[in-house]
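Peer 1: This is the structure I have questions about; it appears just below.
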Amino acid sequence: MASVPISEDSRFGLRRQVRLAGPLHLSSGARLGPIDIAYETYGAMNADKSNVILICHALTGDQYVASDHPVTGKPGWWWRMVGPGKPVDAARHFIICSNVIGSCMGSSGPASVDPGTGEPYAMRFPVLTIADMVRAQAALLDHLGVDRLTAVIGGSMGGMQALTWPTLFPDRVESCVVIASTARHSAQNIAFHEVGRQAIMADPHWRGGDYYADGQIPSAGLAVARMAAHITYLSEAGLTEKFGRRLQGRDAKTFGFDADFQVESYLRHQGLSFVDRFDANSYLYITRAMDYYDIAEDHGGSLARAFAATGARFCLVSFDTDWLYPTAESRVIVHALNAGGAQASFVELSSPFGHDAFLLECPELNRVVDGFLRGGRA
């Protein structure tokens with residue numbers, strides 16, 4: 001790494017982007033290069049670079065983990081976890097968060113321009129895996145002069161990336177925090193994703209993915225995909241508490257197909273607001289990457305073998321109302337880690353908010369992560 005202070009190094013700071021020559025060797029056998037990676041960093045590396053934390057985002061997340069989103073204007077998606085006085089604090093840690101490849105917030109994806117043609121890749125972009133996303137992150141760390149991570153942290157799809165890190169780069173990870181996640185996508189997970197993909201591809205504006213030239217995007221299909229997925233992020237108890245069967249802005253049913261119920265109006269809002277910040281083709285690519293995710297399959301069918309080479313310690317957290325990645329999925333990972341002799345902590349937290357609990361107010365989650373990062377056990 002250069003000897004100049006981080007404040008004077010253009011690689012570090014908010015809203016950064018780098019083009020790496022590559023090529024990146026993908027799981028499919030294809031090669032991708034050059035590769036654009038959009039990222040943000042917070043804080044400064046200490047003298048021995050022993051305070052670096054990589055945060056991995058979920059399916060529709062981005063690099064704006066602790067800074068205002070440039071499109072929505074909302075605070076960073078994990079401001080409850082990352083910030084002054086929080087478990088991940090730039091006063092103690094050097095924090096990196098990058099947009100995964102395949103996404104649409106500045107990293108290479110289907111909306112990016114193919115240097116070979118001068119046109120957007122669209123569906124000509126290579127199909128990716130979670131492992132490919134991690135390999136791209138490793139290339140970014142090389143660019144930033146980071147050899148080793150004190151921790152890699154993620155929830156949901158971010159947890160998949162975090163869990164993949166010590167399997168691909170066992171010597172580069174000291175600890176791993178996996179929240180509300182899994183070691184492989186189940187048939188039910190794949191089924192929900194397929195509903196979303198089919199909704200997008202059935203939209204007449206999708207046109208095989210070639211919709212960039214005229215701006216007529218498959219917004220209706222993408223909104224439906226988001227609505228279907230959003231249901232899986234919630235819990236029945238949470239939905240009942242928040243909405244029940246209450247009507248939306250009326251005293252009686254319309255006996256029609258408008259949004260009579262508050263929950264209908266809520267889902268429509270979630271769908272419509274989503275299309276303003278996310279690319280439909282990226283949604284196809286990232287959900288496919290999640291569906292292909294199966295760490296045991298990549299290691300001869302043995303999950304324990306996947307972690308045999310790492311000396312990292314692990315912290316796994318699940319939520320009792322998460323039916324997308326239920327507690328049983330985390331227990332499978334813990335058993336595999338125990339079988340391999342890894343140091344693993346596990347806790348199931350109680351929350352009415354389902355899968356999305358890791359993004360919402362949860363003091364117990366903060367306590368667990370803070371204790372683990374400071375060297376304690378969850």
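Following the order of the structure tokens, first chain is A, next is B, and so on, with residues numbered from 1 inside each chain and ligands from 1 in the order they appear.
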Tell me which protein, DNA and RNA residues are within 12 Å of Asp260 (chain A), counting only C-alpha atoms, leaving out same-chain ones fewer than 3 positions away, and put them as a ChimeraX atom specification.
Peer 2: /A:243,245-257,263-266,268
Peer 1: Region 14-26 of chain A: which residues within 6 Å, counting only C-alpha atoms, same-chain residues fewer than 2 positions away excluded, as a PDB file with all heavy atoms, in the first residue's frame?
Peer 2:
```pdb
ATOM      1  N   SER A  28     -18.599 -20.444 -14.119  1.00  0.00           N
ATOM      2  CA  SER A  28     -19.146 -21.039 -15.342  1.00  0.00           C
ATOM      3  C   SER A  28     -18.069 -21.427 -16.338  1.00  0.00           C
ATOM      4  O   SER A  28     -18.341 -22.126 -17.313  1.00  0.00           O
ATOM      5  CB  SER A  28     -20.099 -20.048 -16.017  1.00  0.00           C
ATOM      6  OG  SER A  28     -19.384 -18.906 -16.467  1.00  0.00           O
ATOM      7  N   GLY A  29     -16.841 -20.959 -16.109  1.00  0.00           N
ATOM      8  CA  GLY A  29     -15.766 -21.163 -17.063  1.00  0.00           C
ATOM      9  C   GLY A  29     -15.511 -19.938 -17.929  1.00  0.00           C
ATOM     10  O   GLY A  29     -14.497 -19.868 -18.620  1.00  0.00           O
ATOM     11  N   ALA A  30     -16.449 -18.976 -17.892  1.00  0.00           N
ATOM     12  CA  ALA A  30     -16.279 -17.745 -18.650  1.00  0.00           C
ATOM     13  C   ALA A  30     -15.280 -16.828 -17.962  1.00  0.00           C
ATOM     14  O   ALA A  30     -14.915 -17.042 -16.794  1.00  0.00           O
ATOM     15  CB  ALA A  30     -17.630 -17.046 -18.804  1.00  0.00           C
ATOM     16  N   ARG A  31     -14.859 -15.810 -18.675  1.00  0.00           N
ATOM     17  CA  ARG A  31     -13.962 -14.800 -18.122  1.00  0.00           C
ATOM     18  C   ARG A  31     -14.604 -13.436 -18.302  1.00  0.00           C
ATOM     19  O   ARG A  31     -15.229 -13.176 -19.327  1.00  0.00           O
ATOM     20  CB  ARG A  31     -12.599 -14.832 -18.810  1.00  0.00           C
ATOM     21  CG  ARG A  31     -11.839 -16.132 -18.617  1.00  0.00           C
ATOM     22  CD  ARG A  31     -10.459 -16.052 -19.254  1.00  0.00           C
ATOM     23  NE  ARG A  31      -9.704 -17.283 -19.075  1.00  0.00           N
ATOM     24  CZ  ARG A  31      -8.433 -17.439 -19.427  1.00  0.00           C
ATOM     25  NH1 ARG A  31      -7.768 -16.426 -19.981  1.00  0.00           N
ATOM     26  NH2 ARG A  31      -7.817 -18.580 -19.228  1.00  0.00           N
ATOM     27  N   LEU A  32     -14.443 -12.596 -17.300  1.00  0.00           N
ATOM     28  CA  LEU A  32     -15.019 -11.260 -17.336  1.00  0.00           C
ATOM     29  C   LEU A  32     -13.931 -10.233 -17.110  1.00  0.00           C
ATOM     30  O   LEU A  32     -13.210 -10.273 -16.124  1.00  0.00           O
ATOM     31  CB  LEU A  32     -16.104 -11.114 -16.266  1.00  0.00           C
ATOM     32  CG  LEU A  32     -16.802  -9.758 -16.177  1.00  0.00           C
ATOM     33  CD1 LEU A  32     -17.573  -9.459 -17.456  1.00  0.00           C
ATOM     34  CD2 LEU A  32     -17.740  -9.721 -14.965  1.00  0.00           C
ATOM     35  N   GLY A  33     -13.816  -9.290 -18.008  1.00  0.00           N
ATOM     36  CA  GLY A  33     -12.845  -8.218 -17.847  1.00  0.00           C
ATOM     37  C   GLY A  33     -12.943  -7.247 -19.006  1.00  0.00           C
ATOM     38  O   GLY A  33     -13.302  -7.639 -20.118  1.00  0.00           O
ATOM     39  N   PRO A  34     -12.670  -5.981 -18.743  1.00  0.00           N
ATOM     40  CA  PRO A  34     -12.350  -5.421 -17.432  1.00  0.00           C
ATOM     41  C   PRO A  34     -13.559  -5.423 -16.509  1.00  0.00           C
ATOM     42  O   PRO A  34     -14.690  -5.592 -16.964  1.00  0.00           O
ATOM     43  CB  PRO A  34     -11.913  -3.990 -17.767  1.00  0.00           C
ATOM     44  CG  PRO A  34     -12.680  -3.661 -19.018  1.00  0.00           C
ATOM     45  CD  PRO A  34     -12.730  -4.941 -19.793  1.00  0.00           C
ATOM     46  N   ILE A  35     -13.313  -5.221 -15.219  1.00  0.00           N
ATOM     47  CA  ILE A  35     -14.371  -5.270 -14.212  1.00  0.00           C
ATOM     48  C   ILE A  35     -14.439  -3.935 -13.494  1.00  0.00           C
ATOM     49  O   ILE A  35     -13.428  -3.438 -12.988  1.00  0.00           O
ATOM     50  CB  ILE A  35     -14.098  -6.366 -13.162  1.00  0.00           C
ATOM     51  CG1 ILE A  35     -13.798  -7.700 -13.828  1.00  0.00           C
ATOM     52  CG2 ILE A  35     -15.284  -6.520 -12.210  1.00  0.00           C
ATOM     53  CD1 ILE A  35     -13.066  -8.638 -12.914  1.00  0.00           C
ATOM     54  N   ASP A  36     -15.623  -3.354 -13.456  1.00  0.00           N
ATOM     55  CA  ASP A  36     -15.851  -2.157 -12.650  1.00  0.00           C
ATOM     56  C   ASP A  36     -16.393  -2.567 -11.293  1.00  0.00           C
ATOM     57  O   ASP A  36     -17.300  -3.410 -11.220  1.00  0.00           O
ATOM     58  CB  ASP A  36     -16.852  -1.224 -13.321  1.00  0.00           C
ATOM     59  CG  ASP A  36     -16.308  -0.596 -14.594  1.00  0.00           C
ATOM     60  OD1 ASP A  36     -15.082  -0.410 -14.681  1.00  0.00           O
ATOM     61  OD2 ASP A  36     -17.105  -0.306 -15.504  1.00  0.00           O
ATOM     62  N   ILE A  37     -15.863  -1.988 -10.244  1.00  0.00           N
ATOM     63  CA  ILE A  37     -16.374  -2.235  -8.893  1.00  0.00           C
ATOM     64  C   ILE A  37     -16.600  -0.893  -8.207  1.00  0.00           C
ATOM     65  O   ILE A  37     -15.672  -0.083  -8.082  1.00  0.00           O
ATOM     66  CB  ILE A  37     -15.423  -3.103  -8.052  1.00  0.00           C
ATOM     67  CG1 ILE A  37     -15.165  -4.445  -8.738  1.00  0.00           C
ATOM     68  CG2 ILE A  37     -16.003  -3.326  -6.661  1.00  0.00           C
ATOM     69  CD1 ILE A  37     -14.252  -5.370  -7.975  1.00  0.00           C
ATOM     70  N   ALA A  38     -17.831  -0.655  -7.798  1.00  0.00           N
ATOM     71  CA  ALA A  38     -18.175   0.543  -7.036  1.00  0.00           C
ATOM     72  C   ALA A  38     -18.142   0.189  -5.555  1.00  0.00           C
ATOM     73  O   ALA A  38     -18.621  -0.874  -5.154  1.00  0.00           O
ATOM     74  CB  ALA A  38     -19.552   1.050  -7.440  1.00  0.00           C
ATOM     75  N   TYR A  39     -17.590   1.085  -4.752  1.00  0.00           N
ATOM     76  CA  TYR A  39     -17.416   0.751  -3.342  1.00  0.00           C
ATOM     77  C   TYR A  39     -17.308   2.020  -2.516  1.00  0.00           C
ATOM     78  O   TYR A  39     -17.164   3.129  -3.047  1.00  0.00           O
ATOM     79  CB  TYR A  39     -16.161  -0.103  -3.157  1.00  0.00           C
ATOM     80  CG  TYR A  39     -14.860   0.598  -3.497  1.00  0.00           C
ATOM     81  CD1 TYR A  39     -14.076   1.189  -2.504  1.00  0.00           C
ATOM     82  CD2 TYR A  39     -14.407   0.667  -4.818  1.00  0.00           C
ATOM     83  CE1 TYR A  39     -12.882   1.833  -2.811  1.00  0.00           C
ATOM     84  CE2 TYR A  39     -13.214   1.315  -5.135  1.00  0.00           C
ATOM     85  CZ  TYR A  39     -12.459   1.894  -4.134  1.00  0.00           C
ATOM     86  OH  TYR A  39     -11.284   2.539  -4.441  1.00  0.00           O
ATOM     87  N   GLU A  40     -17.371   1.830  -1.205  1.00  0.00           N
ATOM     88  CA  GLU A  40     -17.116   2.911  -0.268  1.00  0.00           C
ATOM     89  C   GLU A  40     -16.216   2.382   0.841  1.00  0.00           C
ATOM     90  O   GLU A  40     -16.275   1.190   1.187  1.00  0.00           O
ATOM     91  CB  GLU A  40     -18.409   3.463   0.336  1.00  0.00           C
ATOM     92  CG  GLU A  40     -19.303   4.136  -0.687  1.00  0.00           C
ATOM     93  CD  GLU A  40     -20.290   5.120  -0.067  1.00  0.00           C
ATOM     94  OE1 GLU A  40     -20.737   4.886   1.075  1.00  0.00           O
ATOM     95  OE2 GLU A  40     -20.595   6.121  -0.730  1.00  0.00           O
ATOM     96  N   ASP A 132     -18.267 -15.996  -7.477  1.00  0.00           N
ATOM     97  CA  ASP A 132     -17.730 -14.988  -8.398  1.00  0.00           C
ATOM     98  C   ASP A 132     -17.761 -13.596  -7.763  1.00  0.00           C
ATOM     99  O   ASP A 132     -16.836 -12.800  -7.928  1.00  0.00           O
ATOM    100  CB  ASP A 132     -18.538 -14.970  -9.694  1.00  0.00           C
ATOM    101  CG  ASP A 132     -18.388 -16.242 -10.506  1.00  0.00           C
ATOM    102  OD1 ASP A 132     -17.316 -16.891 -10.409  1.00  0.00           O
ATOM    103  OD2 ASP A 132     -19.336 -16.595 -11.224  1.00  0.00           O
TER     104      ASP A 132
END
```
Peer 1: For region 142-144 of chain A, list every protein, DNA or RNA residue within 8 Å, evaluated using only C-alpha atoms, and leave out those in the same chain fewer than 3 positions away; present the list as a PyMOL selection string.
Peer 2: chain A and resi 1+11-12+138-139+147
Peer 1: Just the selected residues (N, CA, C and O atoms), exported as a compact mmCIF listing (two decimals), in the first residue's frame, please.
Peer 2:
```txt
# COMPACT_ATOMS: atom_id res chain seq x y z
N MET A 1 0.84 -1.20 0.00
CA MET A 1 0.00 0.00 0.00
C MET A 1 0.88 1.25 0.00
O MET A 1 1.95 1.28 0.58
N ARG A 11 -7.97 6.12 -3.63
CA ARG A 11 -8.65 4.82 -3.56
C ARG A 11 -9.67 4.75 -2.44
O ARG A 11 -10.57 3.90 -2.47
N PHE A 12 -9.54 5.64 -1.46
CA PHE A 12 -10.34 5.51 -0.25
C PHE A 12 -11.34 6.65 -0.11
O PHE A 12 -11.05 7.80 -0.47
N ALA A 138 -12.28 -9.90 -3.63
CA ALA A 138 -10.87 -10.16 -3.35
C ALA A 138 -9.98 -9.33 -4.26
O ALA A 138 -8.93 -8.81 -3.83
N ALA A 139 -10.38 -9.19 -5.52
CA ALA A 139 -9.62 -8.36 -6.45
C ALA A 139 -9.64 -6.89 -6.01
O ALA A 139 -8.63 -6.18 -6.13
N ASP A 147 -4.47 -7.33 2.58
CA ASP A 147 -4.14 -8.75 2.47
C ASP A 147 -5.06 -9.64 3.29
O ASP A 147 -5.31 -10.79 2.93
```
Peer 1: Apply DSSP to the structure's backbone, then extract all residues of region 187-372 of chain A labelled helix (DSSP H, G or I) and return them as a VMD selection string.
Peer 2: chain A and resid 187 to 202 207 to 209 219 to 233 236 to 242 262 to 274 280 to 292 297 to 299 303 to 306 327 to 339 354 to 359 363 to 372
Peer 1: Which distance in Å separates CA of His57 (chain A) and CA of Ala328 (chain A), to one decimal?
Peer 2: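 Between CA of His57 (chain A) and CA of Ala328 (chain A) the gap works out to 22.2 Å.
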Peer 1: Residues near Ser330 (chain A), anyone? I mean within 9 Å using only C-alpha atoms, not counting same-chain ones fewer than 2 positions away, as a PyMOL selection string.
Peer 2: chain A and resi 178-183+316-318+325-328+332-335+346
Peer 1: Now that the selection is made, can you save its residues with N, CA and C atoms as an mmCIF file, in the first residue's frame?
Peer 2:
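The resulting result-v2.cif:
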```cif
data_model
loop_
_atom_site.group_PDB
_atom_site.id
_atom_site.type_symbol
_atom_site.label_atom_id
_atom_site.label_comp_id
_atom_site.auth_asym_id
_atom_site.auth_seq_id
_atom_site.Cartn_x
_atom_site.Cartn_y
_atom_site.Cartn_z
ATOM 1 N N VAL A 178 -22.172 -14.309 10.064
ATOM 2 C CA VAL A 178 -23.209 -14.705 9.093
ATOM 3 C C VAL A 178 -24.566 -14.562 9.769
ATOM 4 N N ILE A 179 -25.405 -13.680 9.232
ATOM 5 C CA ILE A 179 -26.673 -13.339 9.866
ATOM 6 C C ILE A 179 -27.834 -13.672 8.939
ATOM 7 N N ALA A 180 -28.820 -14.405 9.462
ATOM 8 C CA ALA A 180 -30.044 -14.709 8.716
ATOM 9 C C ALA A 180 -29.716 -15.232 7.328
ATOM 10 N N SER A 181 -28.923 -16.300 7.286
ATOM 11 C CA SER A 181 -28.469 -16.788 5.986
ATOM 12 C C SER A 181 -28.479 -18.310 5.951
ATOM 13 N N THR A 182 -27.760 -18.871 5.002
ATOM 14 C CA THR A 182 -27.817 -20.304 4.749
ATOM 15 C C THR A 182 -26.557 -20.739 4.027
ATOM 16 N N ALA A 183 -26.355 -22.062 3.913
ATOM 17 C CA ALA A 183 -25.230 -22.602 3.161
ATOM 18 C C ALA A 183 -25.633 -23.052 1.771
ATOM 19 N N LEU A 316 -22.692 -17.066 14.030
ATOM 20 C CA LEU A 316 -23.912 -17.209 13.242
ATOM 21 C C LEU A 316 -25.107 -16.755 14.060
ATOM 22 N N VAL A 317 -25.987 -16.001 13.414
ATOM 23 C CA VAL A 317 -27.173 -15.462 14.072
ATOM 24 C C VAL A 317 -28.389 -15.758 13.202
ATOM 25 N N SER A 318 -29.446 -16.255 13.825
ATOM 26 C CA SER A 318 -30.713 -16.455 13.121
ATOM 27 C C SER A 318 -31.831 -15.786 13.920
ATOM 28 N N TYR A 325 -34.854 -18.057 5.620
ATOM 29 C CA TYR A 325 -33.664 -18.808 6.026
ATOM 30 C C TYR A 325 -33.815 -19.126 7.510
ATOM 31 N N PRO A 326 -34.593 -20.140 7.830
ATOM 32 C CA PRO A 326 -34.925 -20.436 9.225
ATOM 33 C C PRO A 326 -33.704 -20.892 10.027
ATOM 34 N N THR A 327 -33.895 -20.927 11.329
ATOM 35 C CA THR A 327 -32.817 -21.290 12.251
ATOM 36 C C THR A 327 -32.181 -22.626 11.904
ATOM 37 N N ALA A 328 -32.974 -23.569 11.426
ATOM 38 C CA ALA A 328 -32.425 -24.882 11.074
ATOM 39 C C ALA A 328 -31.291 -24.769 10.056
ATOM 40 N N VAL A 332 -27.312 -26.150 10.592
ATOM 41 C CA VAL A 332 -26.572 -27.017 9.671
ATOM 42 C C VAL A 332 -25.143 -26.510 9.503
ATOM 43 N N ILE A 333 -25.001 -25.205 9.357
ATOM 44 C CA ILE A 333 -23.666 -24.606 9.210
ATOM 45 C C ILE A 333 -22.850 -24.809 10.482
ATOM 46 N N VAL A 334 -23.466 -24.560 11.639
ATOM 47 C CA VAL A 334 -22.768 -24.706 12.917
ATOM 48 C C VAL A 334 -22.291 -26.140 13.111
ATOM 49 N N HIS A 335 -23.127 -27.104 12.787
ATOM 50 C CA HIS A 335 -22.734 -28.512 12.919
ATOM 51 C C HIS A 335 -21.542 -28.835 12.022
ATOM 52 N N PHE A 346 -23.113 -19.407 18.087
ATOM 53 C CA PHE A 346 -24.428 -19.379 17.443
ATOM 54 C C PHE A 346 -25.473 -18.875 18.422
#
```
Peer 1: Against region 293-314 of chain A, which residues of region 101-207 of chain A fall within 10 Å? For each one I want the closest pair of atoms and the distance in Å (one decimal), counting only C-alpha atoms, rows by chain and increasing residue number, as a tab-separated table.
Peer 2:
```
residue	atom	partner	partner_atom	distance
A:Thr129	CA	A:Tyr293	CA	6.7
A:Ile130	CA	A:Tyr293	CA	6.3
A:Ala131	CA	A:Tyr293	CA	8.2
A:Thr150	CA	A:Ala312	CA	9.4
A:Ala151	CA	A:Ala312	CA	9.0
A:Val152	CA	A:Phe314	CA	9.8
A:Met157	CA	A:Tyr293	CA	9.8
A:Met160	CA	A:Tyr293	CA	8.0
A:Gln161	CA	A:Tyr293	CA	9.8
A:Leu163	CA	A:Ile295	CA	8.7
A:Thr164	CA	A:Ile295	CA	7.3
A:Trp165	CA	A:Thr310	CA	9.8
A:Pro166	CA	A:Thr310	CA	6.0
A:Thr167	CA	A:Ala306	CA	5.6
A:Leu168	CA	A:Ala306	CA	8.7
A:Phe169	CA	A:Thr310	CA	8.1
A:Pro170	CA	A:Thr310	CA	4.4
A:Asp171	CA	A:Thr310	CA	6.6
A:Arg172	CA	A:Thr310	CA	9.0
A:Val173	CA	A:Ala312	CA	6.1
A:Glu174	CA	A:Ala312	CA	4.6
A:Ser175	CA	A:Arg313	CA	4.7
A:Cys176	CA	A:Phe314	CA	4.8
A:Val177	CA	A:Phe314	CA	6.0
A:Val178	CA	A:Phe314	CA	7.7
A:Thr182	CA	A:Asp294	CA	9.0
A:Ala183	CA	A:Ile295	CA	5.8
A:Arg184	CA	A:Asp294	CA	4.1
A:His185	CA	A:Tyr293	CA	6.0
A:Ser186	CA	A:Asp294	CA	9.2
```
Peer 1: Identify which of the residues A:Ala259, A:Leu149, A:Ala280, A:Ala136 lies closest to Asp203 (chain A), counting only C-alpha atoms when measuring atom-to-atom distances.
Peer 2: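 Going through A:Ala259, A:Leu149, A:Ala280, A:Ala136 one by one, the smallest distance to Asp203 (chain A) is for A:Ala280.
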Peer 1: Please identify all polymer residues within 12 Å of Ser273 (chain A), counting only C-alpha atoms, omitting same-chain residues fewer than 6 positions from it, and present them as a list of chain:residue names.
Peer 2: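 The residues that qualify are A:Val71, A:Thr72, A:Ser219, A:Ala220, A:Leu222, A:Ala223, A:Val224, A:Arg226, A:Met227, A:Tyr266, A:Leu267.
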Peer 1: Create the file for the chosen residues now, containing N, CA, C and O atoms and written as a compact mmCIF listing (two decimals), in the first residue's frame.
Peer 2:
```
# COMPACT_ATOMS: atom_id res chain seq x y z
N VAL A 71 -29.82 7.85 -4.84
CA VAL A 71 -31.10 7.83 -5.57
C VAL A 71 -32.26 8.11 -4.65
O VAL A 71 -33.11 8.97 -4.93
N THR A 72 -32.31 7.41 -3.52
CA THR A 72 -33.46 7.54 -2.62
C THR A 72 -33.27 8.64 -1.58
O THR A 72 -34.25 9.12 -1.00
N SER A 219 -41.06 -2.33 -15.88
CA SER A 219 -41.32 -1.88 -14.52
C SER A 219 -42.43 -2.69 -13.85
O SER A 219 -42.35 -2.98 -12.65
N ALA A 220 -43.47 -3.06 -14.60
CA ALA A 220 -44.57 -3.82 -13.98
C ALA A 220 -44.09 -5.19 -13.51
O ALA A 220 -44.39 -5.62 -12.40
N LEU A 222 -40.97 -6.10 -12.81
CA LEU A 222 -40.01 -5.96 -11.71
C LEU A 222 -40.73 -5.62 -10.41
O LEU A 222 -40.36 -6.13 -9.34
N ALA A 223 -41.77 -4.81 -10.49
CA ALA A 223 -42.53 -4.47 -9.28
C ALA A 223 -43.19 -5.71 -8.69
O ALA A 223 -43.18 -5.91 -7.47
N VAL A 224 -43.77 -6.56 -9.54
CA VAL A 224 -44.39 -7.79 -9.05
C VAL A 224 -43.35 -8.71 -8.44
O VAL A 224 -43.58 -9.34 -7.39
N ARG A 226 -40.61 -7.84 -6.97
CA ARG A 226 -40.26 -7.28 -5.67
C ARG A 226 -41.36 -7.55 -4.64
O ARG A 226 -41.07 -7.87 -3.49
N MET A 227 -42.61 -7.43 -5.04
CA MET A 227 -43.71 -7.69 -4.12
C MET A 227 -43.68 -9.13 -3.62
O MET A 227 -43.82 -9.38 -2.42
N TYR A 266 -49.32 -1.45 0.79
CA TYR A 266 -47.92 -1.51 1.21
C TYR A 266 -47.07 -2.25 0.18
O TYR A 266 -46.00 -1.77 -0.23
N LEU A 267 -47.54 -3.41 -0.27
CA LEU A 267 -46.76 -4.19 -1.23
C LEU A 267 -46.65 -3.46 -2.57
O LEU A 267 -45.59 -3.48 -3.22
```
Peer 1: Which one of A:Leu141, A:Ile286, A:Ala191, A:Cys315 sits closest to Thr232 (chain A) if you count only C-alpha atoms?
Peer 2: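 Checking each of A:Leu141, A:Ile286, A:Ala191, A:Cys315 against Thr232 (chain A), counting only C-alpha atoms, the winner is A:Ala191.
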Peer 1: Do you know which residues are at most 7 Å from region 368-377 of chain A counting only C-alpha atoms, after dropping those on the same chain fewer than 3 positions away, and could you put them as a VMD selection string?
Peer 2: chain A and resid 87 345 364 to 365
Peer 1: Please write the residues from the selection above to a file, keeping N, CA and C atoms, as a PDB file, in the first residue's frame.
Peer 2:
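And here's again32.pdb as it stands now:
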```pdb
ATOM      1  N   PRO A  87     -21.594  -1.307  16.580  1.00  0.00           N
ATOM      2  CA  PRO A  87     -20.637  -2.423  16.592  1.00  0.00           C
ATOM      3  C   PRO A  87     -19.519  -2.291  15.564  1.00  0.00           C
ATOM      4  N   SER A 345     -19.685 -19.652  17.207  1.00  0.00           N
ATOM      5  CA  SER A 345     -20.710 -19.208  18.138  1.00  0.00           C
ATOM      6  C   SER A 345     -22.027 -19.134  17.388  1.00  0.00           C
ATOM      7  N   GLU A 364     -30.258  -6.646  20.567  1.00  0.00           N
ATOM      8  CA  GLU A 364     -29.568  -7.902  20.862  1.00  0.00           C
ATOM      9  C   GLU A 364     -28.604  -8.280  19.751  1.00  0.00           C
ATOM     10  N   LEU A 365     -28.993  -8.025  18.508  1.00  0.00           N
ATOM     11  CA  LEU A 365     -28.082  -8.310  17.393  1.00  0.00           C
ATOM     12  C   LEU A 365     -26.832  -7.450  17.508  1.00  0.00           C
TER      13      LEU A 365
END
```
Peer 1: If I take CA of Ala111 (chain A) and CA of Cys56 (chain A), how far is one from the other in Å, to one decimal?
Peer 2: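 Straight-line distance from CA of Ala111 (chain A) to CA of Cys56 (chain A) works out to 21.1 Å.
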Peer 1: If I take CA of Tyr121 (chain A) and CA of Ser282 (chain A), how far is one from the other in Å, to one decimal?
Peer 2: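 A separation of 11.0 Å between them.
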Peer 1: Write out as an MDAnalysis selection string all residues of region 26-109 of chain A that backbone DSSP assigns to strand (DSSP E).
Peer 2: chainID A and resid 31:32 35:42 52:56 94:98
Peer 1: May I have the residues within 7 Å of region 66-68 of chain A as a ChimeraX atom specification, using only C-alpha atoms and disregarding those fewer than 3 positions away in the same chain?
Peer 2: /A:73-79,82-83
Peer 1: Taking into account only C-alpha atoms, which residue in the set A:His230, A:Met201, A:Val127, A:Val88 is nearest to Pro218 (chain A)?
Peer 2: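 Using only C-alpha atoms, Pro218 (chain A) sits closest to A:Met201.
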Peer 1: Check the smallest atom-to-atom distance from each of A:Ala357, A:Met290, A:Ile200, A:Ile96 to Leu54 (chain A) using only C-alpha atoms, then report the winner.
Peer 2: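 Comparing A:Ala357, A:Met290, A:Ile200, A:Ile96 against Leu54 (chain A), the winner is A:Ile96.
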